[in-house]
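Quick notes on the structure that follows.
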Amino acid sequence: MGGSTTQVPHGLTHAEARARLERDGPNALPEQRTDVLGMVAEQLRSVFVWMLVGAMAISIAIPVLEHGRPAGADLVDAIVIGVILVLNTLLGVAQAFRAERAIAELARMAASAATVVRDGQPTSVDAREVVVGDVLLLGEGDRVAADGEVAMEAGLAVDASMLTGESVPVEKNAGDIVEMGTLVTAGSGTLVVTATGARTEVGRLAGMLTTTRPPPTPLELQLQVLARWLAWVALAAVGGVMAVGIARGLPVGELLLVAISLGVSMVPEGLPAVVTVSFALGARRMVAARALVRRLDALETLGSVSVLCTDKTGTLTANRMTVVDTWTPTPTDADLLTSLAASCNHASDPSHGDPTETALLGFALERGAARLPIDDEPVPFASERKYMATRHGDRTFYKGAPEVLAGLAVPCPGLLDEAARMASEGRRVLAAGVQDADGPVRLVGLFALEDPPREGAAEAVARAASAGVRTVMITGDHPGTARAIAARTGISGGSVVTGEELDALDDERLSEVVAEASVFARVSPAHKVRICRALQSRGAVVAMTGDGVNDAPALKAAHVGVAMGLRGTEVAREAASIVLADDHFATLVQAIAEGRRSHDNIRRFVLFLLRANFDELLLVLVVFAVGLPVPLLPVHILWINLLTDGLPALALTAEPAEPDIMERPPRPVDEQLLSGEYVGLVVAMFAGAAGALLVFLGTLRTSGSIDVARTATLTFAVLLELAMAFSARTRAPAWSKPLRESPWLVGATGLVLAVHVLVMVTPAAGVLRLTPLPLAVWPVLAGVVAAVFLVLEATKALRRT
């Protein structure tokens with residue numbers, strides 16, 4: 001650079017600085033107040049949560065109405081619901097704190113002190129006291145205290161990775177803007193402050209983090225619909241049972257207990273726990289796959305993702321520049337080209353230094369080149385010059401842009417044509433020249449460098465495509481480089497769109513462009529937010545990768561924000577839902593498969609629950625209508641609810657993925673949780689109710705005991721629900737999936753059955769009003785359960801065809 005000659009401003013007086021500090025406030029990011037009560041209230045707004053609260057209250061009321069006092073055994077259901085509510089609320093509040101931690105990370109990046117010019121003298125002040133118009137004095141190692149314009153510099157370079165995610169220091173010239181929080185890595189300079197506090201770039205980002213909210217996840221929307229639907233069904237069930245019973249002249253008190261018990265049984269109180277456990281298991285599996293899931297529900301949302309917006313460098317590529325081609329005008333220049341690569345170079349070794357320098361050094365050392373000591377550097381590299389020169393004895397080596405060195409050297413036929421060919425392949429091209437003593441500069445060749453695609457990146461893009469997920473590359477690199485990497489990784493669709501072209505598009509036109517274009521180059525982090533919003537406006541579920549502070553708003557705006565664990569900033573990681581420990585695109589695609597598995601398992605649970613509980617409602621309505629004795633007492637209904645909706649449901653969350661999980665398209669955002677299953681639910685309701693009625697009437701007739709008939713009906717319901725769990729574990733025929741693939745479900749059903757049988761033969765039977773069953777009843781129960789199970793499987797087969 002050589003340094004600017006701009007005169008250093010005199011700076012402010014102390015009086016002027018105090019006045020501006022009073023006017024503008026301290027140079028600090030706005031403090032984020034933690035509203036714990038507000039966070040708790042946000043978690044309690046769900047219809048589903050209030051259904052659980054109602055179910056808990058009713059579960060407490062039933063033993064009071066029945067016995068005149070709370071009964072410990074009967075309160076288990078209420079206790080379970082209460083624990084689930086508390087844990088679910090705590091989890092939601094914990095996740096809400098994460099957004100505030102992201103803002104806190106921004107604040108920690110600010111400088112604690114600064115050197116300014118006051119009354120013409122360098123003065124050290126608290127960074128909070130820096131004001132607009134102050135002259136900041138910057139030296140190597142300083143953290144920049146505010147945004148400002150460079151007035152003077154001497155080799156000034158700053159590390160802006162906390163904002164951009166790019167690890168290479170950026171040179172700053174007079175007139176350039178330097179942002180708050182960046183770090184001076186070389187040289188010195190003076191800065192005239194143009195913005196402080198919330199008005200800085202970092203402050204603007206903090207504001208966006210505060211106001212930007214991720215859209216609701218598909219599962220949240222589906223569960224809201226399910227909760228409202230179940231609430232109406234439960235109310236209708238209570239009303240229907242009451243109406244039929246009153247019409248039959250049954251006691252209102254007995255009716256109320258049965259009706260309320262049925263209503264409670266329809267509330268899937270285990271659903272929040274099942275959702276959390278399913279996500280937690282998925283998150284645990286993802287840790288082994290090199291991904292950290294920071295927001296559990298994001299794992300399920302990944303299963304609905306239809307567009308993956310990914311960076312290029314380090315995600316699709318290896319983030320390691322490599323010399324992939326060379327050219328020399330004559331064969332004799334090859335050794336000289338290799339020597340120049342090693343000597344006109346500031347990298348300490350092939351692993352440490354500027355990425356281009358380390359690539360050239362590694363290339364030279366692999367070929368046995370010796371490094372010549374640098375005696376002098378007559379032309380240090382600068383972005384405006386685009387070349388550098390180093391002196392080694394009587395010889396000077398030159399390295400830089402081909403068009404620049406071509407203007408300094410004697411003509412070299414074919415060099416520029418060859419450089420154009422290399423650049424057209426998306427490679428970075430450098431020319432090399434030599435000057436002996438005072439002779440002319442002679443060009444000796446070209447280097448072509450690239451950051452090659454990561455191993456497995458192309459396969460991951462193809463796997464995503466087979467799953468109906470479109471990959472969109474968003475990079476700050478040159479369009480040619482972006483186009484070349486896109487072609488080599490299998491990303492296709494439309495032409496390359498640049499950031500300059502994006503600026504010329506309104507939102508409506510951009511929405512049309514993103515439908516076709518899959519490669520965006522020379523874009524800024526602000527463009528990423530626009531691209532994300534445009535895709536979402538077309539109904540896409542978007543996952544967005546990022547690594548810099550500037551990426552944080554885009555990470556929050558996406559349905560799923562994905563930060564890089566190796567090169568990402570802490571702010572990006574805090575704003576993201578998922579962190580890739582290895583920064584690999586293939587890991588993100590694997591997370592999609594895991595998200596689909598989690599959603600499938602939650603869907604299995606809900607399907608299992610509703611199949612199992614609706615038949616009880618129909619059974620009670622039928623017996624009331626025809627004037628039969630009540631087949632299930634309130635305590636029986638709650639026992640079924642507690643016993644079978646717990647362990648078997650949790651076991652379903654551990655089911656392995658279906659073989660075709662990455663061969664089917666993403667779920668539409670508006671698809672309901674049980675889409676396509678309603679016929680099966682109706683069949684299950686009628687078949688289950690018919691089987692239960694058959695068991696009840698048969699055992700009542702053969703035994704003559706209402707207690708035996710009710711125990712048999714209850715046992716049938718338990719066995720049928722356990723069988724339904726095995727039916728729900730796959731869309732294919734139940735027998736096509738070996739039991740060894742479902743060890744948790746096998747164990748859970750065995751334990752539930754053992755507990756139920758044990759209760760029947762112990763004093764606990766009196767509490768639940770059960771009695772031991774004659775041995776002859778068990779084969780009948782097994783036969784009826786098998787018949788209903790086969791009806792369910794036949795319905796699944798018809799739906800598939």
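Chain lettering (A, B, ...) mirrors the order of the structure tokens, residue numbering begins at 1 for each chain separately, and ligand numbering begins at 1 in order of display.
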
Item to complete: Extract, using only C-alpha atoms, all DNA, RNA and protein residues at most 10 Å from segment 501-503 of chain A, discarding same-chain residues fewer than 3 positions from it, and format them as JSON, numbers by chain.
Response: {"A": [496, 497, 498, 506, 507, 509, 510, 513, 520, 521, 522, 523, 527, 530, 531]}

If you keep all heavy atoms, can you produce a file of those selected residues as a compact mmCIF listing (two decimals), in the first residue's frame?
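result.txt was written with the following content:
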```
# COMPACT_ATOMS: atom_id res chain seq x y z
N VAL A 496 -26.16 -18.03 -13.95
CA VAL A 496 -25.63 -17.52 -12.69
C VAL A 496 -26.14 -16.08 -12.50
O VAL A 496 -26.01 -15.24 -13.39
CB VAL A 496 -24.10 -17.55 -12.69
CG1 VAL A 496 -23.55 -16.96 -11.39
CG2 VAL A 496 -23.60 -18.98 -12.88
N VAL A 497 -26.71 -15.80 -11.33
CA VAL A 497 -27.23 -14.47 -11.00
C VAL A 497 -26.27 -13.81 -10.03
O VAL A 497 -25.90 -14.40 -9.02
CB VAL A 497 -28.64 -14.57 -10.38
CG1 VAL A 497 -29.16 -13.17 -10.04
CG2 VAL A 497 -29.59 -15.29 -11.32
N THR A 498 -25.85 -12.57 -10.33
CA THR A 498 -24.91 -11.86 -9.47
C THR A 498 -25.64 -10.94 -8.50
O THR A 498 -26.82 -10.61 -8.69
CB THR A 498 -23.94 -11.02 -10.31
OG1 THR A 498 -24.68 -9.98 -10.98
CG2 THR A 498 -23.23 -11.89 -11.35
N ASP A 506 -36.97 -6.17 -8.15
CA ASP A 506 -37.89 -6.00 -7.03
C ASP A 506 -38.26 -7.38 -6.50
O ASP A 506 -37.90 -8.42 -7.07
CB ASP A 506 -39.14 -5.21 -7.44
CG ASP A 506 -39.92 -5.88 -8.57
OD1 ASP A 506 -39.79 -7.10 -8.76
OD2 ASP A 506 -40.68 -5.17 -9.25
N ASP A 507 -38.99 -7.42 -5.39
CA ASP A 507 -39.28 -8.69 -4.73
C ASP A 507 -40.10 -9.62 -5.62
O ASP A 507 -39.89 -10.84 -5.63
CB ASP A 507 -40.02 -8.45 -3.41
CG ASP A 507 -39.13 -7.81 -2.37
OD1 ASP A 507 -37.90 -7.85 -2.55
OD2 ASP A 507 -39.67 -7.29 -1.37
N ARG A 509 -40.17 -9.78 -8.95
CA ARG A 509 -39.33 -10.34 -10.01
C ARG A 509 -38.32 -11.34 -9.43
O ARG A 509 -38.04 -12.37 -10.05
CB ARG A 509 -38.61 -9.20 -10.74
CG ARG A 509 -37.64 -9.65 -11.81
CD ARG A 509 -38.31 -10.43 -12.91
NE ARG A 509 -37.36 -10.93 -13.90
CZ ARG A 509 -37.42 -12.13 -14.44
NH1 ARG A 509 -38.38 -12.98 -14.10
NH2 ARG A 509 -36.52 -12.51 -15.33
N LEU A 510 -37.79 -11.02 -8.24
CA LEU A 510 -36.85 -11.93 -7.61
C LEU A 510 -37.50 -13.28 -7.32
O LEU A 510 -36.89 -14.34 -7.46
CB LEU A 510 -36.30 -11.32 -6.31
CG LEU A 510 -35.33 -12.19 -5.51
CD1 LEU A 510 -34.11 -12.56 -6.36
CD2 LEU A 510 -34.89 -11.47 -4.24
N VAL A 513 -37.25 -15.21 -10.38
CA VAL A 513 -35.88 -15.61 -10.70
C VAL A 513 -35.44 -16.81 -9.87
O VAL A 513 -34.83 -17.75 -10.38
CB VAL A 513 -34.91 -14.42 -10.48
CG1 VAL A 513 -33.45 -14.88 -10.53
CG2 VAL A 513 -35.15 -13.35 -11.54
N PHE A 520 -25.98 -18.30 -7.30
CA PHE A 520 -25.89 -16.86 -7.07
C PHE A 520 -24.46 -16.54 -6.68
O PHE A 520 -23.91 -17.15 -5.74
CB PHE A 520 -26.86 -16.42 -5.97
CG PHE A 520 -28.31 -16.64 -6.32
CD1 PHE A 520 -28.91 -17.87 -6.09
CD2 PHE A 520 -29.07 -15.63 -6.89
CE1 PHE A 520 -30.24 -18.09 -6.42
CE2 PHE A 520 -30.39 -15.83 -7.22
CZ PHE A 520 -30.98 -17.07 -6.99
N ALA A 521 -23.83 -15.58 -7.38
CA ALA A 521 -22.44 -15.25 -7.15
C ALA A 521 -22.28 -13.76 -6.86
O ALA A 521 -23.16 -12.95 -7.18
CB ALA A 521 -21.60 -15.63 -8.38
N ARG A 522 -21.13 -13.44 -6.24
CA ARG A 522 -20.82 -12.06 -5.86
C ARG A 522 -21.97 -11.44 -5.04
O ARG A 522 -22.37 -10.31 -5.26
CB ARG A 522 -20.57 -11.21 -7.11
CG ARG A 522 -19.25 -11.52 -7.80
CD ARG A 522 -18.08 -10.99 -7.01
NE ARG A 522 -16.84 -11.03 -7.78
CZ ARG A 522 -15.75 -11.68 -7.39
NH1 ARG A 522 -15.77 -12.40 -6.27
NH2 ARG A 522 -14.65 -11.66 -8.12
N VAL A 523 -22.51 -12.25 -4.13
CA VAL A 523 -23.62 -11.76 -3.31
C VAL A 523 -23.12 -11.44 -1.91
O VAL A 523 -22.11 -11.97 -1.44
CB VAL A 523 -24.77 -12.79 -3.23
CG1 VAL A 523 -25.35 -13.06 -4.59
CG2 VAL A 523 -24.30 -14.08 -2.58
N HIS A 527 -28.06 -10.08 0.66
CA HIS A 527 -28.74 -10.72 -0.46
C HIS A 527 -29.29 -12.08 -0.05
O HIS A 527 -30.33 -12.51 -0.56
CB HIS A 527 -27.77 -10.91 -1.63
CG HIS A 527 -27.38 -9.64 -2.31
ND1 HIS A 527 -26.08 -9.33 -2.62
CD2 HIS A 527 -28.13 -8.59 -2.73
CE1 HIS A 527 -26.03 -8.15 -3.22
NE2 HIS A 527 -27.26 -7.67 -3.29
N ARG A 530 -32.76 -11.83 1.24
CA ARG A 530 -33.74 -11.62 0.16
C ARG A 530 -34.01 -12.91 -0.61
O ARG A 530 -35.16 -13.21 -0.94
CB ARG A 530 -33.24 -10.54 -0.81
CG ARG A 530 -33.28 -9.12 -0.29
CD ARG A 530 -33.16 -8.13 -1.44
NE ARG A 530 -34.33 -8.18 -2.31
CZ ARG A 530 -34.33 -7.77 -3.58
NH1 ARG A 530 -33.21 -7.32 -4.14
NH2 ARG A 530 -35.43 -7.83 -4.31
N ILE A 531 -32.95 -13.65 -0.88
CA ILE A 531 -33.12 -14.92 -1.61
C ILE A 531 -33.97 -15.87 -0.77
O ILE A 531 -34.88 -16.54 -1.28
CB ILE A 531 -31.75 -15.55 -1.93
CG1 ILE A 531 -31.00 -14.66 -2.94
CG2 ILE A 531 -31.92 -16.95 -2.48
CD1 ILE A 531 -29.54 -15.06 -3.12
```

Worksheet item: Quick one: of A:Leu137, A:Val761, A:Val258, A:Ile474, who's nearest to Leu617 of chain A, counting only C-alpha atoms?
Response: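 Closest to Leu617 of chain A, using only C-alpha atoms: A:Val258.
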
Discussion item. I'd like the interatomic distance between atom CA of Thr338 of chain A and atom CA of Phe363 of chain A, to a tenth of an Å.
Written reply: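 So the answer is 7.8 Å.
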
Fill in: 7 Å contact set for Met388 of chain A, only C-alpha atoms, chain neighbours under 4 positions out, as a list of chain:residue names
A:Val379, A:Pro380, A:Phe381, A:Tyr398, A:Lys399, A:Gly400

Discussion item. Given only C-alpha atoms as the basis, pick out the residue of A:His756, A:Gly133, A:Gly393, A:Met180 nearest to Leu29 of chain A.
Written reply: A:Met180

Find the residues near segment 651-666 of chain A: any atom within 8 Å, counting only C-alpha atoms, skip ones fewer than 2 places away on the same chain, and give them as a compact mmCIF listing (two decimals) with all heavy atoms, in the first residue's frame.
```
# COMPACT_ATOMS: atom_id res chain seq x y z
N VAL A 274 -43.24 -37.33 23.57
CA VAL A 274 -42.85 -38.14 22.42
C VAL A 274 -42.11 -37.28 21.40
O VAL A 274 -41.08 -37.69 20.84
CB VAL A 274 -44.08 -38.81 21.78
CG1 VAL A 274 -43.73 -39.38 20.41
CG2 VAL A 274 -44.59 -39.92 22.68
N VAL A 277 -38.65 -36.49 22.89
CA VAL A 277 -37.78 -37.67 22.89
C VAL A 277 -37.36 -38.04 21.47
O VAL A 277 -36.20 -38.38 21.21
CB VAL A 277 -38.49 -38.86 23.58
CG1 VAL A 277 -37.70 -40.15 23.36
CG2 VAL A 277 -38.64 -38.58 25.07
N SER A 278 -38.30 -37.97 20.53
CA SER A 278 -37.98 -38.29 19.15
C SER A 278 -36.90 -37.37 18.61
O SER A 278 -35.93 -37.82 17.98
CB SER A 278 -39.25 -38.18 18.28
OG SER A 278 -38.97 -38.49 16.94
N LEU A 281 -33.50 -38.12 20.38
CA LEU A 281 -32.84 -39.29 19.81
C LEU A 281 -32.22 -38.97 18.45
O LEU A 281 -31.10 -39.40 18.15
CB LEU A 281 -33.84 -40.45 19.69
CG LEU A 281 -34.32 -41.07 21.00
CD1 LEU A 281 -35.41 -42.10 20.72
CD2 LEU A 281 -33.16 -41.72 21.75
N GLY A 303 -36.77 -32.30 7.70
CA GLY A 303 -37.44 -33.33 6.94
C GLY A 303 -38.41 -32.78 5.91
O GLY A 303 -38.78 -33.48 4.95
N SER A 304 -38.83 -31.52 6.07
CA SER A 304 -39.74 -30.88 5.13
C SER A 304 -39.01 -29.96 4.15
O SER A 304 -39.65 -29.36 3.28
CB SER A 304 -40.79 -30.05 5.89
OG SER A 304 -41.55 -30.87 6.74
N VAL A 305 -37.70 -29.80 4.33
CA VAL A 305 -36.94 -28.85 3.50
C VAL A 305 -37.05 -29.23 2.03
O VAL A 305 -36.88 -30.39 1.64
CB VAL A 305 -35.47 -28.83 3.94
CG1 VAL A 305 -34.57 -28.23 2.86
CG2 VAL A 305 -35.33 -28.03 5.23
N SER A 306 -37.34 -28.22 1.22
CA SER A 306 -37.41 -28.43 -0.23
C SER A 306 -36.28 -27.71 -0.96
O SER A 306 -36.01 -28.02 -2.13
CB SER A 306 -38.75 -27.96 -0.78
OG SER A 306 -39.00 -26.60 -0.43
N ARG A 463 -28.05 -37.08 -3.96
CA ARG A 463 -28.96 -37.71 -2.98
C ARG A 463 -30.08 -36.77 -2.60
O ARG A 463 -31.23 -37.17 -2.46
CB ARG A 463 -28.16 -38.13 -1.74
CG ARG A 463 -28.98 -38.97 -0.76
CD ARG A 463 -28.20 -39.28 0.49
NE ARG A 463 -28.98 -40.15 1.37
CZ ARG A 463 -28.81 -40.22 2.68
NH1 ARG A 463 -27.88 -39.49 3.27
NH2 ARG A 463 -29.56 -41.02 3.41
N ALA A 464 -29.73 -35.49 -2.41
CA ALA A 464 -30.77 -34.50 -2.11
C ALA A 464 -31.76 -34.40 -3.26
O ALA A 464 -32.98 -34.33 -3.04
CB ALA A 464 -30.12 -33.14 -1.81
N SER A 466 -32.58 -36.67 -5.41
CA SER A 466 -33.44 -37.86 -5.45
C SER A 466 -34.52 -37.78 -4.40
O SER A 466 -35.57 -38.42 -4.52
CB SER A 466 -32.60 -39.13 -5.26
OG SER A 466 -32.14 -39.23 -3.92
N ALA A 467 -34.28 -37.00 -3.35
CA ALA A 467 -35.28 -36.80 -2.30
C ALA A 467 -36.17 -35.60 -2.58
O ALA A 467 -36.95 -35.18 -1.72
CB ALA A 467 -34.58 -36.62 -0.94
N GLY A 468 -36.04 -35.02 -3.79
CA GLY A 468 -36.87 -33.88 -4.15
C GLY A 468 -36.42 -32.57 -3.55
O GLY A 468 -37.18 -31.60 -3.50
N VAL A 469 -35.16 -32.52 -3.09
CA VAL A 469 -34.62 -31.30 -2.46
C VAL A 469 -33.68 -30.62 -3.43
O VAL A 469 -32.69 -31.22 -3.87
CB VAL A 469 -33.89 -31.63 -1.14
CG1 VAL A 469 -33.35 -30.35 -0.50
CG2 VAL A 469 -34.82 -32.35 -0.18
N ALA A 593 -32.38 -36.62 6.13
CA ALA A 593 -32.88 -37.99 6.30
C ALA A 593 -33.27 -38.22 7.76
O ALA A 593 -34.31 -38.83 8.04
CB ALA A 593 -31.81 -38.99 5.86
N GLU A 594 -32.47 -37.71 8.68
CA GLU A 594 -32.78 -37.88 10.10
C GLU A 594 -34.04 -37.11 10.48
O GLU A 594 -34.85 -37.57 11.28
CB GLU A 594 -31.60 -37.42 10.96
CG GLU A 594 -31.65 -37.88 12.39
CD GLU A 594 -31.72 -39.39 12.51
OE1 GLU A 594 -30.83 -40.09 12.01
OE2 GLU A 594 -32.71 -39.87 13.11
N ARG A 596 -36.57 -36.49 8.48
CA ARG A 596 -37.71 -37.25 7.95
C ARG A 596 -38.03 -38.44 8.86
O ARG A 596 -39.19 -38.78 9.07
CB ARG A 596 -37.41 -37.71 6.53
CG ARG A 596 -37.34 -36.56 5.54
CD ARG A 596 -37.19 -37.05 4.11
NE ARG A 596 -37.23 -35.92 3.18
CZ ARG A 596 -37.31 -36.04 1.86
NH1 ARG A 596 -37.35 -37.25 1.31
NH2 ARG A 596 -37.35 -34.98 1.08
N ARG A 597 -36.98 -39.06 9.35
CA ARG A 597 -37.21 -40.19 10.27
C ARG A 597 -37.93 -39.73 11.53
O ARG A 597 -38.87 -40.39 11.99
CB ARG A 597 -35.86 -40.82 10.62
CG ARG A 597 -35.95 -41.93 11.66
CD ARG A 597 -34.56 -42.44 12.03
NE ARG A 597 -34.63 -43.46 13.05
CZ ARG A 597 -33.56 -44.07 13.57
NH1 ARG A 597 -32.35 -43.75 13.14
NH2 ARG A 597 -33.68 -44.98 14.51
N SER A 598 -37.52 -38.59 12.10
CA SER A 598 -38.16 -38.07 13.30
C SER A 598 -39.63 -37.77 13.05
O SER A 598 -40.50 -38.09 13.87
CB SER A 598 -37.44 -36.81 13.80
OG SER A 598 -36.12 -37.09 14.20
N ASN A 601 -41.67 -40.94 12.81
CA ASN A 601 -41.90 -41.57 14.11
C ASN A 601 -42.97 -40.83 14.92
O ASN A 601 -43.77 -41.45 15.62
CB ASN A 601 -40.59 -41.66 14.89
CG ASN A 601 -39.67 -42.72 14.33
OD1 ASN A 601 -40.10 -43.59 13.57
ND2 ASN A 601 -38.41 -42.67 14.68
N ILE A 602 -43.00 -39.50 14.81
CA ILE A 602 -44.05 -38.74 15.49
C ILE A 602 -45.41 -39.06 14.86
O ILE A 602 -46.42 -39.23 15.55
CB ILE A 602 -43.75 -37.23 15.41
CG1 ILE A 602 -42.52 -36.91 16.26
CG2 ILE A 602 -44.95 -36.41 15.88
CD1 ILE A 602 -41.95 -35.55 16.02
N ARG A 604 -46.19 -41.83 13.41
CA ARG A 604 -46.55 -43.18 13.86
C ARG A 604 -47.25 -43.13 15.22
O ARG A 604 -48.23 -43.83 15.46
CB ARG A 604 -45.29 -44.05 13.96
CG ARG A 604 -44.69 -44.44 12.63
CD ARG A 604 -43.51 -45.38 12.83
NE ARG A 604 -42.93 -45.74 11.54
CZ ARG A 604 -41.76 -45.32 11.11
NH1 ARG A 604 -41.02 -44.50 11.85
NH2 ARG A 604 -41.30 -45.68 9.92
N PHE A 605 -46.68 -42.32 16.12
CA PHE A 605 -47.27 -42.23 17.46
C PHE A 605 -48.70 -41.70 17.40
O PHE A 605 -49.61 -42.24 18.04
CB PHE A 605 -46.40 -41.33 18.34
CG PHE A 605 -47.12 -40.85 19.57
CD1 PHE A 605 -47.32 -41.70 20.64
CD2 PHE A 605 -47.63 -39.56 19.65
CE1 PHE A 605 -48.00 -41.29 21.77
CE2 PHE A 605 -48.31 -39.14 20.77
CZ PHE A 605 -48.49 -40.00 21.84
N LEU A 647 -45.12 -46.21 27.22
CA LEU A 647 -43.92 -46.89 26.72
C LEU A 647 -44.01 -47.29 25.24
O LEU A 647 -43.04 -47.06 24.50
CB LEU A 647 -43.64 -48.12 27.59
CG LEU A 647 -43.11 -47.82 29.00
CD1 LEU A 647 -42.91 -49.12 29.77
CD2 LEU A 647 -41.80 -47.05 28.94
N PRO A 648 -45.11 -47.90 24.78
CA PRO A 648 -45.14 -48.24 23.34
C PRO A 648 -45.01 -47.01 22.45
O PRO A 648 -44.35 -47.07 21.40
CB PRO A 648 -46.51 -48.90 23.17
CG PRO A 648 -46.86 -49.43 24.53
CD PRO A 648 -46.30 -48.42 25.48
N ALA A 649 -45.63 -45.91 22.87
CA ALA A 649 -45.53 -44.69 22.06
C ALA A 649 -44.09 -44.19 22.02
O ALA A 649 -43.58 -43.80 20.96
CB ALA A 649 -46.45 -43.62 22.63
N PRO A 668 -45.37 -31.60 1.61
CA PRO A 668 -45.87 -30.24 1.40
C PRO A 668 -46.09 -29.55 2.75
O PRO A 668 -46.46 -30.19 3.74
CB PRO A 668 -47.20 -30.45 0.66
CG PRO A 668 -47.09 -31.81 0.04
CD PRO A 668 -46.25 -32.61 0.98
N ALA A 725 -49.65 -50.79 17.66
CA ALA A 725 -48.32 -50.19 17.65
C ALA A 725 -47.44 -50.85 16.61
O ALA A 725 -46.68 -50.19 15.89
CB ALA A 725 -47.69 -50.30 19.04
N ARG A 729 -45.84 -49.06 12.88
CA ARG A 729 -44.40 -48.83 12.75
C ARG A 729 -43.92 -48.80 11.31
O ARG A 729 -42.77 -48.43 11.04
CB ARG A 729 -43.63 -49.89 13.54
CG ARG A 729 -43.70 -51.27 12.97
CD ARG A 729 -43.21 -52.33 13.93
NE ARG A 729 -43.33 -53.65 13.34
CZ ARG A 729 -42.31 -54.46 13.09
NH1 ARG A 729 -41.09 -54.08 13.41
NH2 ARG A 729 -42.50 -55.64 12.55
N THR A 730 -44.77 -49.16 10.34
CA THR A 730 -44.37 -49.12 8.94
C THR A 730 -45.58 -48.91 8.05
O THR A 730 -46.69 -49.34 8.38
CB THR A 730 -43.64 -50.42 8.53
OG1 THR A 730 -43.34 -50.37 7.14
CG2 THR A 730 -44.48 -51.64 8.84
N GLU A 741 -35.81 -55.37 14.08
CA GLU A 741 -35.58 -53.96 13.79
C GLU A 741 -36.32 -53.05 14.78
O GLU A 741 -36.15 -51.83 14.72
CB GLU A 741 -36.03 -53.63 12.36
CG GLU A 741 -35.20 -54.32 11.29
CD GLU A 741 -35.59 -53.88 9.89
OE1 GLU A 741 -36.36 -52.90 9.78
OE2 GLU A 741 -35.13 -54.51 8.92
N SER A 742 -37.15 -53.64 15.63
CA SER A 742 -37.92 -52.85 16.59
C SER A 742 -37.72 -53.38 18.00
O SER A 742 -38.68 -53.72 18.70
CB SER A 742 -39.40 -52.86 16.22
OG SER A 742 -39.61 -52.45 14.90
N TRP A 744 -36.92 -51.93 20.83
CA TRP A 744 -37.53 -51.12 21.89
C TRP A 744 -39.03 -51.35 21.96
O TRP A 744 -39.61 -51.41 23.05
CB TRP A 744 -37.22 -49.65 21.66
CG TRP A 744 -35.79 -49.30 21.86
CD1 TRP A 744 -34.86 -49.05 20.88
CD2 TRP A 744 -35.09 -49.22 23.10
NE1 TRP A 744 -33.63 -48.79 21.44
CE2 TRP A 744 -33.74 -48.88 22.80
CE3 TRP A 744 -35.46 -49.38 24.43
CZ2 TRP A 744 -32.78 -48.72 23.78
CZ3 TRP A 744 -34.50 -49.22 25.42
CH2 TRP A 744 -33.17 -48.89 25.09
N LEU A 745 -39.66 -51.47 20.80
CA LEU A 745 -41.11 -51.69 20.80
C LEU A 745 -41.45 -53.08 21.34
O LEU A 745 -42.42 -53.24 22.10
CB LEU A 745 -41.66 -51.54 19.38
CG LEU A 745 -43.17 -51.65 19.22
CD1 LEU A 745 -43.89 -50.62 20.09
CD2 LEU A 745 -43.58 -51.50 17.77
N ALA A 748 -41.07 -52.83 25.06
CA ALA A 748 -42.11 -52.01 25.68
C ALA A 748 -43.44 -52.75 25.75
O ALA A 748 -44.13 -52.73 26.78
CB ALA A 748 -42.28 -50.70 24.90
```

Closest atom pairs, residues of segment 358-406 of chain A within 8 Å of segment 316-333 of chain A, only C-alpha atoms, as CSV:
```
residue,atom,partner,partner_atom,distance
A:Thr358,CA,A:Met321,CA,7.9
A:Ala359,CA,A:Thr322,CA,5.1
A:Leu360,CA,A:Val323,CA,6.6
A:Phe363,CA,A:Val323,CA,6.4
```

Suppose we keep all heavy atoms; can you now write the selection as a short mmCIF file (atom, residue, chain, number, x, y, z; two decimals), in the first residue's frame?
```
data_model
loop_
_atom_site.label_atom_id
_atom_site.label_comp_id
_atom_site.auth_asym_id
_atom_site.auth_seq_id
_atom_site.Cartn_x
_atom_site.Cartn_y
_atom_site.Cartn_z
N THR A 358 0.02 -20.62 0.36
CA THR A 358 0.27 -21.99 0.84
C THR A 358 0.10 -23.00 -0.28
O THR A 358 0.82 -24.01 -0.33
CB THR A 358 -0.67 -22.34 2.01
OG1 THR A 358 -2.03 -22.18 1.60
CG2 THR A 358 -0.40 -21.43 3.21
N ALA A 359 -0.87 -22.76 -1.18
CA ALA A 359 -1.06 -23.68 -2.31
C ALA A 359 0.17 -23.69 -3.21
O ALA A 359 0.64 -24.75 -3.65
CB ALA A 359 -2.30 -23.27 -3.10
N LEU A 360 0.71 -22.51 -3.52
CA LEU A 360 1.89 -22.42 -4.37
C LEU A 360 3.10 -23.05 -3.71
O LEU A 360 3.89 -23.76 -4.36
CB LEU A 360 2.17 -20.96 -4.72
CG LEU A 360 1.15 -20.27 -5.64
CD1 LEU A 360 1.43 -18.78 -5.73
CD2 LEU A 360 1.19 -20.90 -7.04
N PHE A 363 2.78 -26.82 -3.76
CA PHE A 363 3.04 -27.29 -5.13
C PHE A 363 4.55 -27.36 -5.39
O PHE A 363 5.06 -28.34 -5.95
CB PHE A 363 2.36 -26.33 -6.11
CG PHE A 363 2.81 -26.46 -7.53
CD1 PHE A 363 2.31 -27.46 -8.36
CD2 PHE A 363 3.74 -25.56 -8.07
CE1 PHE A 363 2.74 -27.58 -9.68
CE2 PHE A 363 4.17 -25.67 -9.38
CZ PHE A 363 3.66 -26.68 -10.19
#
```
